[in-house]
Each structure stands twice: as C-alpha cells, then as structure tokens.
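File shown: query_13.pdb (PDB, C-alpha atoms).
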```
MODEL        1
ATOM      1  CA  MET D   1     123.446 128.421 115.377
ATOM      2  CA  SER D   2     120.540 129.384 117.606
ATOM      3  CA  ASP D   3     118.679 126.716 119.538
ATOM      4  CA  PHE D   4     115.544 125.479 117.716
ATOM      5  CA  ARG D   5     113.593 125.992 120.940
ATOM      6  CA  THR D   6     113.771 129.753 120.300
ATOM      7  CA  LYS D   7     112.151 129.461 116.880
ATOM      8  CA  ARG D   8     108.525 130.045 116.014
ATOM      9  CA  PHE D   9     106.871 126.922 114.652
ATOM     10  CA  PRO D  10     103.836 126.575 112.363
ATOM     11  CA  LYS D  11     100.748 125.339 114.187
ATOM     12  CA  ALA D  12     100.615 121.955 112.417
ATOM     13  CA  VAL D  13     103.248 119.215 112.356
ATOM     14  CA  VAL D  14     103.663 115.915 110.530
ATOM     15  CA  LEU D  15     105.581 113.252 112.458
ATOM     16  CA  GLU D  16     107.142 110.708 110.095
ATOM     17  CA  LEU D  17     107.570 107.829 112.530
ATOM     18  CA  THR D  18     109.511 105.401 110.347
ATOM     19  CA  TYR D  19     111.454 105.044 107.107
ATOM     20  CA  ARG D  20     110.066 101.538 106.645
ATOM     21  CA  CYS D  21     107.199 100.748 104.287
ATOM     22  CA  ASN D  22     105.502  97.595 103.010
ATOM     23  CA  HIS D  23     104.525  99.217  99.699
ATOM     24  CA  ARG D  24     106.836 100.118  96.824
ATOM     25  CA  CYS D  25     104.828 103.001  95.386
ATOM     26  CA  VAL D  26     106.182 104.253  92.088
ATOM     27  CA  PHE D  27     105.028 107.782  93.009
ATOM     28  CA  CYS D  28     106.695 107.819  96.460
ATOM     29  CA  SER D  29     108.233 111.250  97.052
ATOM     30  CA  CYS D  30     110.138 110.407 100.248
ATOM     31  CA  PRO D  31     113.613 111.877  99.671
ATOM     32  CA  TRP D  32     115.364 108.780 101.034
ATOM     33  CA  GLU D  33     113.822 106.750  98.178
ATOM     34  CA  ALA D  34     115.324 108.887  95.411
ATOM     35  CA  PRO D  35     117.762 107.078  93.077
ATOM     36  CA  GLY D  36     121.306 107.488  94.382
ATOM     37  CA  SER D  37     119.982 109.252  97.474
ATOM     38  CA  THR D  38     122.482 110.374 100.104
ATOM     39  CA  TYR D  39     119.667 111.379 102.454
ATOM     40  CA  PRO D  40     121.080 111.021 105.982
ATOM     41  CA  LYS D  41     118.812 108.308 107.385
ATOM     42  CA  GLY D  42     119.718 108.182 111.050
ATOM     43  CA  GLU D  43     118.508 105.744 113.644
ATOM     44  CA  GLU D  44     114.756 106.040 114.081
ATOM     45  CA  LEU D  45     113.548 107.840 117.203
ATOM     46  CA  SER D  46     112.378 105.718 120.107
ATOM     47  CA  VAL D  47     108.959 106.114 121.723
ATOM     48  CA  GLU D  48     110.511 108.069 124.610
ATOM     49  CA  GLU D  49     112.341 110.363 122.183
ATOM     50  CA  TRP D  50     109.095 111.036 120.337
ATOM     51  CA  LYS D  51     107.419 111.863 123.652
ATOM     52  CA  ARG D  52     110.108 114.448 124.441
ATOM     53  CA  CYS D  53     109.676 115.836 120.941
ATOM     54  CA  ILE D  54     105.894 116.106 121.426
ATOM     55  CA  ASP D  55     106.403 117.927 124.732
ATOM     56  CA  ILE D  56     108.542 120.547 122.989
ATOM     57  CA  LEU D  57     106.073 120.904 120.125
ATOM     58  CA  TYR D  58     103.189 121.578 122.507
ATOM     59  CA  GLN D  59     105.356 124.086 124.393
ATOM     60  CA  LYS D  60     106.017 125.878 121.096
ATOM     61  CA  GLY D  61     102.313 126.233 120.347
ATOM     62  CA  VAL D  62     101.765 123.371 117.894
ATOM     63  CA  LYS D  63      98.060 122.554 117.836
ATOM     64  CA  SER D  64      97.616 119.900 115.160
ATOM     65  CA  PHE D  65      99.440 116.577 114.672
ATOM     66  CA  SER D  66      99.545 114.262 111.680
ATOM     67  CA  ILE D  67     101.248 110.857 111.810
ATOM     68  CA  SER D  68     102.939 109.440 108.739
ATOM     69  CA  GLY D  69     105.898 107.334 107.586
ATOM     70  CA  GLY D  70     106.949 105.226 105.720
ATOM     71  CA  GLU D  71     104.056 103.153 106.973
ATOM     72  CA  VAL D  72     102.947 104.108 110.475
ATOM     73  CA  LEU D  73     101.650 100.642 111.363
ATOM     74  CA  LEU D  74     105.190  99.248 111.056
ATOM     75  CA  THR D  75     106.321 101.453 113.956
ATOM     76  CA  ASP D  76     106.756  99.704 117.292
ATOM     77  CA  GLY D  77     104.805 101.676 119.891
ATOM     78  CA  PHE D  78     102.817 103.867 117.497
ATOM     79  CA  GLU D  79      99.742 103.470 119.724
ATOM     80  CA  GLU D  80     101.695 104.781 122.725
ATOM     81  CA  ILE D  81     102.812 107.808 120.709
ATOM     82  CA  ILE D  82      99.252 108.569 119.600
ATOM     83  CA  ARG D  83      97.928 108.160 123.131
ATOM     84  CA  TYR D  84     100.610 110.529 124.409
ATOM     85  CA  ILE D  85      99.698 113.177 121.831
ATOM     86  CA  ARG D  86      96.046 112.907 122.843
ATOM     87  CA  GLU D  87      96.515 112.821 126.612
ATOM     88  CA  GLU D  88      99.058 115.660 126.708
ATOM     89  CA  GLY D  89      96.890 117.680 124.367
ATOM     90  CA  ASN D  90      93.803 117.142 126.518
ATOM     91  CA  GLN D  91      95.652 118.615 129.493
ATOM     92  CA  ILE D  92      96.139 121.904 127.653
ATOM     93  CA  GLY D  93      92.777 121.942 125.896
ATOM     94  CA  MET D  94      93.935 120.730 122.463
ATOM     95  CA  SER D  95      91.132 118.667 120.952
ATOM     96  CA  HIS D  96      92.030 118.621 117.235
ATOM     97  CA  PRO D  97      91.744 115.199 115.550
ATOM     98  CA  ILE D  98      95.064 113.448 115.021
ATOM     99  CA  VAL D  99      95.428 112.626 111.329
ATOM    100  CA  LEU D 100      96.978 109.212 110.639
ATOM    101  CA  ILE D 101      98.098 108.361 107.104
ATOM    102  CA  SER D 102      98.328 104.664 106.271
ATOM    103  CA  ASN D 103      98.313 102.272 103.323
ATOM    104  CA  ALA D 104      96.104  99.963 105.470
ATOM    105  CA  LEU D 105      97.990  96.761 104.591
ATOM    106  CA  LEU D 106      98.431  95.936 108.304
ATOM    107  CA  MET D 107      95.131  97.410 109.502
ATOM    108  CA  LYS D 108      93.141  95.611 112.206
ATOM    109  CA  GLU D 109      89.756  96.212 113.796
ATOM    110  CA  GLU D 110      91.447  96.756 117.145
ATOM    111  CA  TYR D 111      93.409  99.615 115.583
ATOM    112  CA  LEU D 112      90.191 101.173 114.283
ATOM    113  CA  ARG D 113      88.620 101.003 117.733
ATOM    114  CA  PHE D 114      91.735 102.585 119.222
ATOM    115  CA  PHE D 115      91.671 105.355 116.605
ATOM    116  CA  LYS D 116      88.029 106.043 117.421
ATOM    117  CA  GLU D 117      88.883 106.312 121.121
ATOM    118  CA  MET D 118      91.809 108.660 120.433
ATOM    119  CA  ASN D 119      89.869 110.916 118.015
ATOM    120  CA  VAL D 120      92.040 109.950 115.053
ATOM    121  CA  HIS D 121      91.071 110.896 111.514
ATOM    122  CA  LEU D 122      92.267 108.017 109.332
ATOM    123  CA  SER D 123      93.568 108.753 105.836
ATOM    124  CA  MET D 124      94.068 105.650 103.658
ATOM    125  CA  SER D 125      95.721 105.541 100.255
ATOM    126  CA  LEU D 126      93.839 104.375  97.156
ATOM    127  CA  PRO D 127      96.004 105.292  94.142
ATOM    128  CA  GLY D 128      93.621 103.875  91.585
ATOM    129  CA  TYR D 129      91.396 100.794  91.779
ATOM    130  CA  GLN D 130      92.312  98.856  88.648
ATOM    131  CA  THR D 131      95.877 100.237  88.768
ATOM    132  CA  PHE D 132      96.409  99.755  92.510
ATOM    133  CA  ARG D 133      99.013  97.007  92.164
ATOM    134  CA  GLU D 134     100.738  98.818  89.302
ATOM    135  CA  HIS D 135     101.189 101.827  91.592
ATOM    136  CA  THR D 136     102.050 100.106  94.868
ATOM    137  CA  GLY D 137     103.473  96.678  94.061
ATOM    138  CA  VAL D 138     100.779  95.174  96.319
ATOM    139  CA  ASP D 139      97.389  93.740  95.360
ATOM    140  CA  ASN D 140      95.264  95.240  98.144
ATOM    141  CA  ALA D 141      92.673  97.603  96.683
ATOM    142  CA  GLU D 142      89.853  95.464  98.064
ATOM    143  CA  GLY D 143      91.591  95.407 101.446
ATOM    144  CA  VAL D 144      91.648  99.193 101.600
ATOM    145  CA  LEU D 145      87.956  99.379 100.697
ATOM    146  CA  HIS D 146      87.194  96.797 103.369
ATOM    147  CA  TRP D 147      88.764  99.009 106.015
ATOM    148  CA  PHE D 148      86.844 102.061 104.799
ATOM    149  CA  ARG D 149      83.649 100.085 105.307
ATOM    150  CA  LYS D 150      84.707  98.882 108.765
ATOM    151  CA  ALA D 151      85.748 102.382 109.816
ATOM    152  CA  ASN D 152      82.420 103.750 108.638
ATOM    153  CA  GLU D 153      80.574 101.130 110.702
ATOM    154  CA  LEU D 154      82.466 102.355 113.777
ATOM    155  CA  GLY D 155      81.720 106.010 113.032
ATOM    156  CA  LEU D 156      85.407 106.751 112.418
ATOM    157  CA  ALA D 157      86.112 109.730 110.156
ATOM    158  CA  THR D 158      88.219 108.775 107.139
ATOM    159  CA  THR D 159      89.780 110.287 104.038
ATOM    160  CA  VAL D 160      90.428 108.495 100.766
ATOM    161  CA  ASN D 161      93.870 109.706  99.760
ATOM    162  CA  ILE D 162      94.397 109.589  95.980
ATOM    163  CA  THR D 163      97.688 110.447  94.311
ATOM    164  CA  VAL D 164      96.766 111.257  90.725
ATOM    165  CA  THR D 165      99.285 110.154  88.104
ATOM    166  CA  GLY D 166      99.451 109.551  84.391
ATOM    167  CA  LYS D 167      98.796 105.874  85.151
ATOM    168  CA  ASN D 168      95.510 106.289  87.032
ATOM    169  CA  TYR D 169      94.178 109.491  85.470
ATOM    170  CA  HIS D 170      91.830 107.503  83.208
ATOM    171  CA  GLU D 171      90.051 105.906  86.203
ATOM    172  CA  LEU D 172      89.887 108.909  88.526
ATOM    173  CA  PHE D 173      86.081 109.175  88.393
ATOM    174  CA  GLU D 174      85.769 105.518  89.431
ATOM    175  CA  THR D 175      88.473 105.757  92.105
ATOM    176  CA  ILE D 176      86.894 108.736  93.867
ATOM    177  CA  SER D 177      83.452 107.189  93.561
ATOM    178  CA  ILE D 178      84.414 103.797  94.939
ATOM    179  CA  GLY D 179      86.181 105.398  97.912
ATOM    180  CA  LEU D 180      83.070 107.385  98.815
ATOM    181  CA  ILE D 181      80.696 104.485  98.177
ATOM    182  CA  ASN D 182      82.701 102.333 100.586
ATOM    183  CA  GLY D 183      82.448 104.863 103.391
ATOM    184  CA  ALA D 184      85.193 107.476 103.090
ATOM    185  CA  SER D 185      84.138 110.739 104.724
ATOM    186  CA  ASP D 186      86.428 113.031 102.718
ATOM    187  CA  VAL D 187      88.642 113.073  99.635
ATOM    188  CA  LEU D 188      92.247 114.243  99.384
ATOM    189  CA  LEU D 189      93.745 114.585  95.920
ATOM    190  CA  ASN D 190      97.490 114.875  95.430
ATOM    191  CA  ARG D 191      98.767 115.439  91.929
ATOM    192  CA  PHE D 192     102.014 113.571  91.371
ATOM    193  CA  LEU D 193     105.045 115.674  92.249
ATOM    194  CA  PRO D 194     108.510 114.621  91.040
ATOM    195  CA  GLY D 195     110.644 113.405  93.913
ATOM    196  CA  GLY D 196     111.901 110.313  95.694
ATOM    197  CA  ARG D 197     111.306 107.036  93.848
ATOM    198  CA  GLY D 198     108.953 108.889  91.522
ATOM    199  CA  LEU D 199     111.926 110.387  89.711
ATOM    200  CA  VAL D 200     112.568 106.965  88.180
ATOM    201  CA  TYR D 201     109.058 106.842  86.697
ATOM    202  CA  LEU D 202     108.706 110.518  85.840
ATOM    203  CA  PRO D 203     107.642 110.281  82.161
ATOM    204  CA  GLU D 204     104.741 107.903  82.848
ATOM    205  CA  LEU D 205     103.524 109.561  86.069
ATOM    206  CA  LEU D 206     103.705 113.292  85.390
ATOM    207  CA  LEU D 207     100.391 114.951  84.562
ATOM    208  CA  SER D 208     100.141 117.360  81.659
ATOM    209  CA  PRO D 209      98.547 120.796  82.220
ATOM    210  CA  ASP D 210      95.389 119.541  80.499
ATOM    211  CA  GLN D 211      95.297 116.474  82.752
ATOM    212  CA  ILE D 212      95.670 118.626  85.858
ATOM    213  CA  ASN D 213      92.625 120.606  84.808
ATOM    214  CA  GLY D 214      90.838 117.398  83.855
ATOM    215  CA  MET D 215      91.549 116.045  87.340
ATOM    216  CA  LEU D 216      89.800 119.061  88.872
ATOM    217  CA  VAL D 217      86.813 118.827  86.519
ATOM    218  CA  THR D 218      86.421 115.091  87.167
ATOM    219  CA  ALA D 219      86.625 115.543  90.928
ATOM    220  CA  GLU D 220      84.066 118.362  90.813
ATOM    221  CA  GLU D 221      81.668 116.132  88.847
ATOM    222  CA  VAL D 222      81.916 113.200  91.272
ATOM    223  CA  LEU D 223      81.675 115.412  94.339
ATOM    224  CA  SER D 224      78.626 117.214  92.976
ATOM    225  CA  HIS D 225      76.841 113.878  92.558
ATOM    226  CA  ALA D 226      77.930 112.757  96.040
ATOM    227  CA  ARG D 227      77.383 116.150  97.676
ATOM    228  CA  ARG D 228      80.861 115.940  99.190
ATOM    229  CA  TYR D 229      83.990 118.073  99.192
ATOM    230  CA  ALA D 230      87.655 117.430  98.490
ATOM    231  CA  HIS D 231      90.939 119.151  99.208
ATOM    232  CA  LEU D 232      93.949 119.268  96.952
ATOM    233  CA  GLY D 233      97.043 118.456  98.974
ATOM    234  CA  THR D 234      99.561 119.675  96.400
ATOM    235  CA  GLU D 235      99.185 123.285  95.380
ATOM    236  CA  ILE D 236      98.420 124.410  91.818
ATOM    237  CA  PRO D 237      99.305 127.885  90.506
ATOM    238  CA  TYR D 238      96.055 129.797  90.125
ATOM    239  CA  CYS D 239      96.973 131.004  86.629
ATOM    240  CA  SER D 240      97.117 127.405  85.343
ATOM    241  CA  ILE D 241      93.506 126.596  86.286
ATOM    242  CA  GLN D 242      91.249 127.085  83.285
ATOM    243  CA  HIS D 243      87.893 127.666  85.037
ATOM    244  CA  PRO D 244      88.422 128.214  88.774
ATOM    245  CA  GLU D 245      84.964 129.755  89.103
ATOM    246  CA  LYS D 246      83.430 126.348  88.340
ATOM    247  CA  LEU D 247      85.171 124.612  91.223
ATOM    248  CA  GLU D 248      82.737 124.706  94.124
ATOM    249  CA  ARG D 249      83.589 121.420  95.840
ATOM    250  CA  VAL D 250      87.329 121.092  95.251
ATOM    251  CA  LYS D 251      89.331 123.235  97.657
ATOM    252  CA  ILE D 252      92.680 124.212  96.137
ATOM    253  CA  GLY D 253      95.772 125.717  97.695
ATOM    254  CA  TYR D 254      97.585 128.117  95.400
ATOM    255  CA  LYS D 255     100.706 128.714  97.476
ATOM    256  CA  CYS D 256     103.177 126.297  99.002
ATOM    257  CA  SER D 257     102.459 125.965 102.733
ATOM    258  CA  ALA D 258     105.505 123.885 103.708
ATOM    259  CA  ALA D 259     107.250 125.411 106.733
ATOM    260  CA  LYS D 260     104.494 128.058 106.843
ATOM    261  CA  SER D 261     101.247 126.285 107.694
ATOM    262  CA  PHE D 262     102.906 122.986 108.608
ATOM    263  CA  PHE D 263     106.310 121.377 109.002
ATOM    264  CA  VAL D 264     107.686 117.833 109.068
ATOM    265  CA  ILE D 265     109.897 115.914 111.490
ATOM    266  CA  ASP D 266     111.469 112.834 109.904
ATOM    267  CA  PRO D 267     112.142 109.521 111.648
TER     268      PRO D 267
ENDMDL
END
```
As structure tokens, the full file:
Amino acid sequence: MSDFRTKRFPKAVVLELTYRCNHRCVFCSCPWEAPGSTYPKGEELSVEEWKRCIDILYQKGVKSFSISGGEVLLTDGFEEIIRYIREEGNQIGMSHPIVLISNALLMKEEYLRFFKEMNVHLSMSLPGYQTFREHTGVDNAEGVLHWFRKANELGLATTVNITVTGKNYHELFETISIGLINGASDVLLNRFLPGGRGLVYLPELLLSPDQINGMLVTAEEVLSHARRYAHLGTEIPYCSIQHPEKLERVKIGYKCSAAKSFFVIDP
C-alpha cells in the first residue's frame, strides 16, 4: 500500500476530535453509534498527534479546516488545536475561517471570545425548538439561543445547524426563524440521512419526497422574509426537486462531495 503522504487530498478537511458526546441525538449518523457497530474506535489522538496531522495536511495543500466530534468542547486541549491551525495557517497565508460544530451545551463566554480571536465560524445545532429534547435527550433549546445572542453581541459569525427529520418537519418555519431572530448569521439544513444511531429511529425520522420538497419551500419562504441565504449540507438529486427554479436563497448540492471537496479524519 502506498504511503498516504503521496496522495492528493481535497482542499477541505473535517477533524473529528472525539467520540464523546453529551447529547444522545436520535438522528446521529456517526458510524460508531450504529446498533451492533463494530466500528474500530481506537484511542483518541493526543494534542501533539493532532498537531503532526495538521502539519501534514497543510503540506498536502489543505486550505480549510472544520472541527467536529462527538462534541468538540469535551476534547481536552481543543483550544490548543484550534490555535495551532490558525497560527500555522497564518505562516503560509491561509486565512480561511475555522468552522467549529458544537451542540453548545458546554459553551462559555470565554470560548466565544477565543473563537472571535481565532477567526472561528461557530455552527450550533438546533434540531427543532419544541422538539429539541425529543431529538437530543437534553432540554437546552433556550441555551443554544442564548449563545447565538451572545455570539452576535461579540460580532462572531455563526450558523444555525438544523437536521430536518420527520419529527421536526412541522416546526421548520419556526426553527429557522428563531435561529435567525436570535442572531445566527447563516443557516445550514441537513435532511436526515440513515446511519449511526438514526438507523434505530428510521421510520419516524426519514423524510418523504414531498417533505423534502416542503423543506426547501419552507426554507425559501423564511429566508426571503429575512433576506438571508441557506446551504443544504446533504445533497439532493436534482431530478427529485419539483421547482428548482423557485429556489433563490437555498443553495443545494446535487452530487456527493465526500472525498472530493472534503474529507474526514476521525478521532
């Protein structure tokens, strides 16, 4: 087998820093959460191992970093890893925002100030407002909205990250709206994809073709009122969209970009 250092990498990478999470999301697609999973969860990388990994990624031409988990804020030394990405990137002229994906349960104002300093774009999960606990096992919808407001006060760019399921489809208009009203800069919609723990809850989470189109229409309506834009994080085949010409504010990917536009390194 050839050494991975000889391979061409996509320009964007997601670093999954930890397997650990303080939510129990029914829609979680992490492969290690699948029922009966034999996913080979090894020992999590140390801060120094992540630094060596980041060095190699920069050498291979990676230009954009996203930080995920599990839940990032449970990772010892996550600030040191973020600082290393930023400082090493600055030396070679890489100024892209670092995207950090969090459920915000452990968020602090000191973290927000650090993220502002490090040019981090913070993406926080809001899988429904009324159905938040039903989706996550945690009653923290108001906590997430609080941190959107605090981030907005600091001038920190944020995304409200909404996984759309059969459970929260009925409140999608309200969920998008309340995220924007509380200060989110952008919207990311992810239709539920079967995988991980979500396989257990498949019948109640999976969207029908009509609901997928309804999701797009609803998002377009809210975004038109708010004069904002949204991206769809999970691709939809173009032929399944009923009126693509009417979607001016929802940006949709039609082809899978995994291992093409971006790739993932697990813990």
Take the PyMOL selection byres ((chain D and resi 230-242) around 10), apply it to the structure above, and return the hits as a PDB file with C-alpha atoms, keeping the file's coordinate frame.
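out_17.pdb, freshly written:
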```pdb
ATOM      1  CA  THR D 159      89.780 110.287 104.038  1.00  0.00           C
ATOM      2  CA  VAL D 160      90.428 108.495 100.766  1.00  0.00           C
ATOM      3  CA  ASN D 161      93.870 109.706  99.760  1.00  0.00           C
ATOM      4  CA  ILE D 162      94.397 109.589  95.980  1.00  0.00           C
ATOM      5  CA  THR D 163      97.688 110.447  94.311  1.00  0.00           C
ATOM      6  CA  ILE D 176      86.894 108.736  93.867  1.00  0.00           C
ATOM      7  CA  SER D 185      84.138 110.739 104.724  1.00  0.00           C
ATOM      8  CA  ASP D 186      86.428 113.031 102.718  1.00  0.00           C
ATOM      9  CA  VAL D 187      88.642 113.073  99.635  1.00  0.00           C
ATOM     10  CA  LEU D 188      92.247 114.243  99.384  1.00  0.00           C
ATOM     11  CA  LEU D 189      93.745 114.585  95.920  1.00  0.00           C
ATOM     12  CA  ASN D 190      97.490 114.875  95.430  1.00  0.00           C
ATOM     13  CA  ARG D 191      98.767 115.439  91.929  1.00  0.00           C
ATOM     14  CA  PHE D 192     102.014 113.571  91.371  1.00  0.00           C
ATOM     15  CA  LEU D 193     105.045 115.674  92.249  1.00  0.00           C
ATOM     16  CA  PRO D 209      98.547 120.796  82.220  1.00  0.00           C
ATOM     17  CA  ASP D 210      95.389 119.541  80.499  1.00  0.00           C
ATOM     18  CA  ILE D 212      95.670 118.626  85.858  1.00  0.00           C
ATOM     19  CA  ASN D 213      92.625 120.606  84.808  1.00  0.00           C
ATOM     20  CA  GLY D 214      90.838 117.398  83.855  1.00  0.00           C
ATOM     21  CA  LEU D 216      89.800 119.061  88.872  1.00  0.00           C
ATOM     22  CA  VAL D 217      86.813 118.827  86.519  1.00  0.00           C
ATOM     23  CA  ALA D 219      86.625 115.543  90.928  1.00  0.00           C
ATOM     24  CA  GLU D 220      84.066 118.362  90.813  1.00  0.00           C
ATOM     25  CA  LEU D 223      81.675 115.412  94.339  1.00  0.00           C
ATOM     26  CA  ARG D 228      80.861 115.940  99.190  1.00  0.00           C
ATOM     27  CA  TYR D 229      83.990 118.073  99.192  1.00  0.00           C
ATOM     28  CA  HIS D 243      87.893 127.666  85.037  1.00  0.00           C
ATOM     29  CA  PRO D 244      88.422 128.214  88.774  1.00  0.00           C
ATOM     30  CA  GLU D 245      84.964 129.755  89.103  1.00  0.00           C
ATOM     31  CA  LYS D 246      83.430 126.348  88.340  1.00  0.00           C
ATOM     32  CA  LEU D 247      85.171 124.612  91.223  1.00  0.00           C
ATOM     33  CA  GLU D 248      82.737 124.706  94.124  1.00  0.00           C
ATOM     34  CA  ARG D 249      83.589 121.420  95.840  1.00  0.00           C
ATOM     35  CA  VAL D 250      87.329 121.092  95.251  1.00  0.00           C
ATOM     36  CA  LYS D 251      89.331 123.235  97.657  1.00  0.00           C
ATOM     37  CA  ILE D 252      92.680 124.212  96.137  1.00  0.00           C
ATOM     38  CA  GLY D 253      95.772 125.717  97.695  1.00  0.00           C
ATOM     39  CA  TYR D 254      97.585 128.117  95.400  1.00  0.00           C
ATOM     40  CA  LYS D 255     100.706 128.714  97.476  1.00  0.00           C
ATOM     41  CA  CYS D 256     103.177 126.297  99.002  1.00  0.00           C
ATOM     42  CA  SER D 257     102.459 125.965 102.733  1.00  0.00           C
TER      43      SER D 257
END
```
Any idea what's packed within 12 Å of Glu117 of chain D, counting only C-alpha atoms, ignoring anything in its chain fewer than 6 positions away? Could you give it as an MDAnalysis selection string?
chainID D and resid 79 82:83 86:87 97:98 110:111 154:157
Which residues, named as in the file, does the PyMOL selection byres ((chain D and resi 134) around 12) pick out? Answer as an NGL selection string.
:D and (23-27 or 126-133 or 135-141 or 165-168 or 201 or 204-205)
So, counting only C-alpha atoms, which residue among D:Ser66, D:Gly36, D:Asp55, D:Ser177 is closest to Leu15 of chain D?
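Of the candidates, the smallest distance to Leu15 of chain D is held by D:Ser66.
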Reference answer for the PyMOL selection byres ((chain D and resi 16) around 8), as a PDB file with C-alpha atoms, in the coordinates of the input:
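See out.pdb below for the written result:
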```pdb
ATOM      1  CA  VAL D  14     103.663 115.915 110.530  1.00  0.00           C
ATOM      2  CA  LEU D  15     105.581 113.252 112.458  1.00  0.00           C
ATOM      3  CA  LEU D  17     107.570 107.829 112.530  1.00  0.00           C
ATOM      4  CA  THR D  18     109.511 105.401 110.347  1.00  0.00           C
ATOM      5  CA  TYR D  19     111.454 105.044 107.107  1.00  0.00           C
ATOM      6  CA  ILE D  67     101.248 110.857 111.810  1.00  0.00           C
ATOM      7  CA  SER D  68     102.939 109.440 108.739  1.00  0.00           C
ATOM      8  CA  GLY D  69     105.898 107.334 107.586  1.00  0.00           C
ATOM      9  CA  GLY D  70     106.949 105.226 105.720  1.00  0.00           C
ATOM     10  CA  VAL D  72     102.947 104.108 110.475  1.00  0.00           C
ATOM     11  CA  VAL D 264     107.686 117.833 109.068  1.00  0.00           C
ATOM     12  CA  ILE D 265     109.897 115.914 111.490  1.00  0.00           C
ATOM     13  CA  ASP D 266     111.469 112.834 109.904  1.00  0.00           C
ATOM     14  CA  PRO D 267     112.142 109.521 111.648  1.00  0.00           C
TER      15      PRO D 267
END
```
Who sits within 8 Å of Ser102 of chain D, all atoms listed in the file, same chain under 5 positions skipped, as a PyMOL selection string:
chain D and resi 68+71-73+122-125
Selection from above, C-alpha atoms, as a CSV table (one decimal), keeping the file's coordinate frame, can you write it?
```
chain,number,residue,atom,x,y,z
D,68,SER,CA,102.9,109.4,108.7
D,71,GLU,CA,104.1,103.2,107.0
D,72,VAL,CA,102.9,104.1,110.5
D,73,LEU,CA,101.6,100.6,111.4
D,122,LEU,CA,92.3,108.0,109.3
D,123,SER,CA,93.6,108.8,105.8
D,124,MET,CA,94.1,105.6,103.7
D,125,SER,CA,95.7,105.5,100.3
```
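Distances from D:Arg113, D:Lys51, D:His96, D:Lys108 to Glu80 of chain D were compared using all atoms listed in the file, and the smallest one belongs to D:Lys51.
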Env of Ile85 of chain D: 12 Å cut, atoms = all atoms listed in the file, seq-sep filter 5 positions within chain, self excluded. Answer as a PyMOL selection string.
chain D and resi 13+15+47+50-58+62-67+78-80+90-99+118-120
So the first atom is atom CA of Glu88 of chain D and the second is atom CA of Cys30 of chain D; what is the distance between them in Å, to one decimal place?
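So the answer is 29.2 Å.
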The distance between atom CA of Phe262 of chain D and atom CA of Ile101 of chain D is 15.5 Å
Rounded to one decimal, what separation in Å do you get between atom CA of Leu207 of chain D and atom CA of Pro35 of chain D?
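Interatomic distance, atom CA of Leu207 of chain D to atom CA of Pro35 of chain D: 20.9 Å.
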D:Lys11, D:Asp76, D:Ala104, D:Pro31 ranked by distance to Gln59 of chain D, top pick (using all atoms listed in the file)
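Of the candidates, the smallest distance to Gln59 of chain D is held by D:Lys11.
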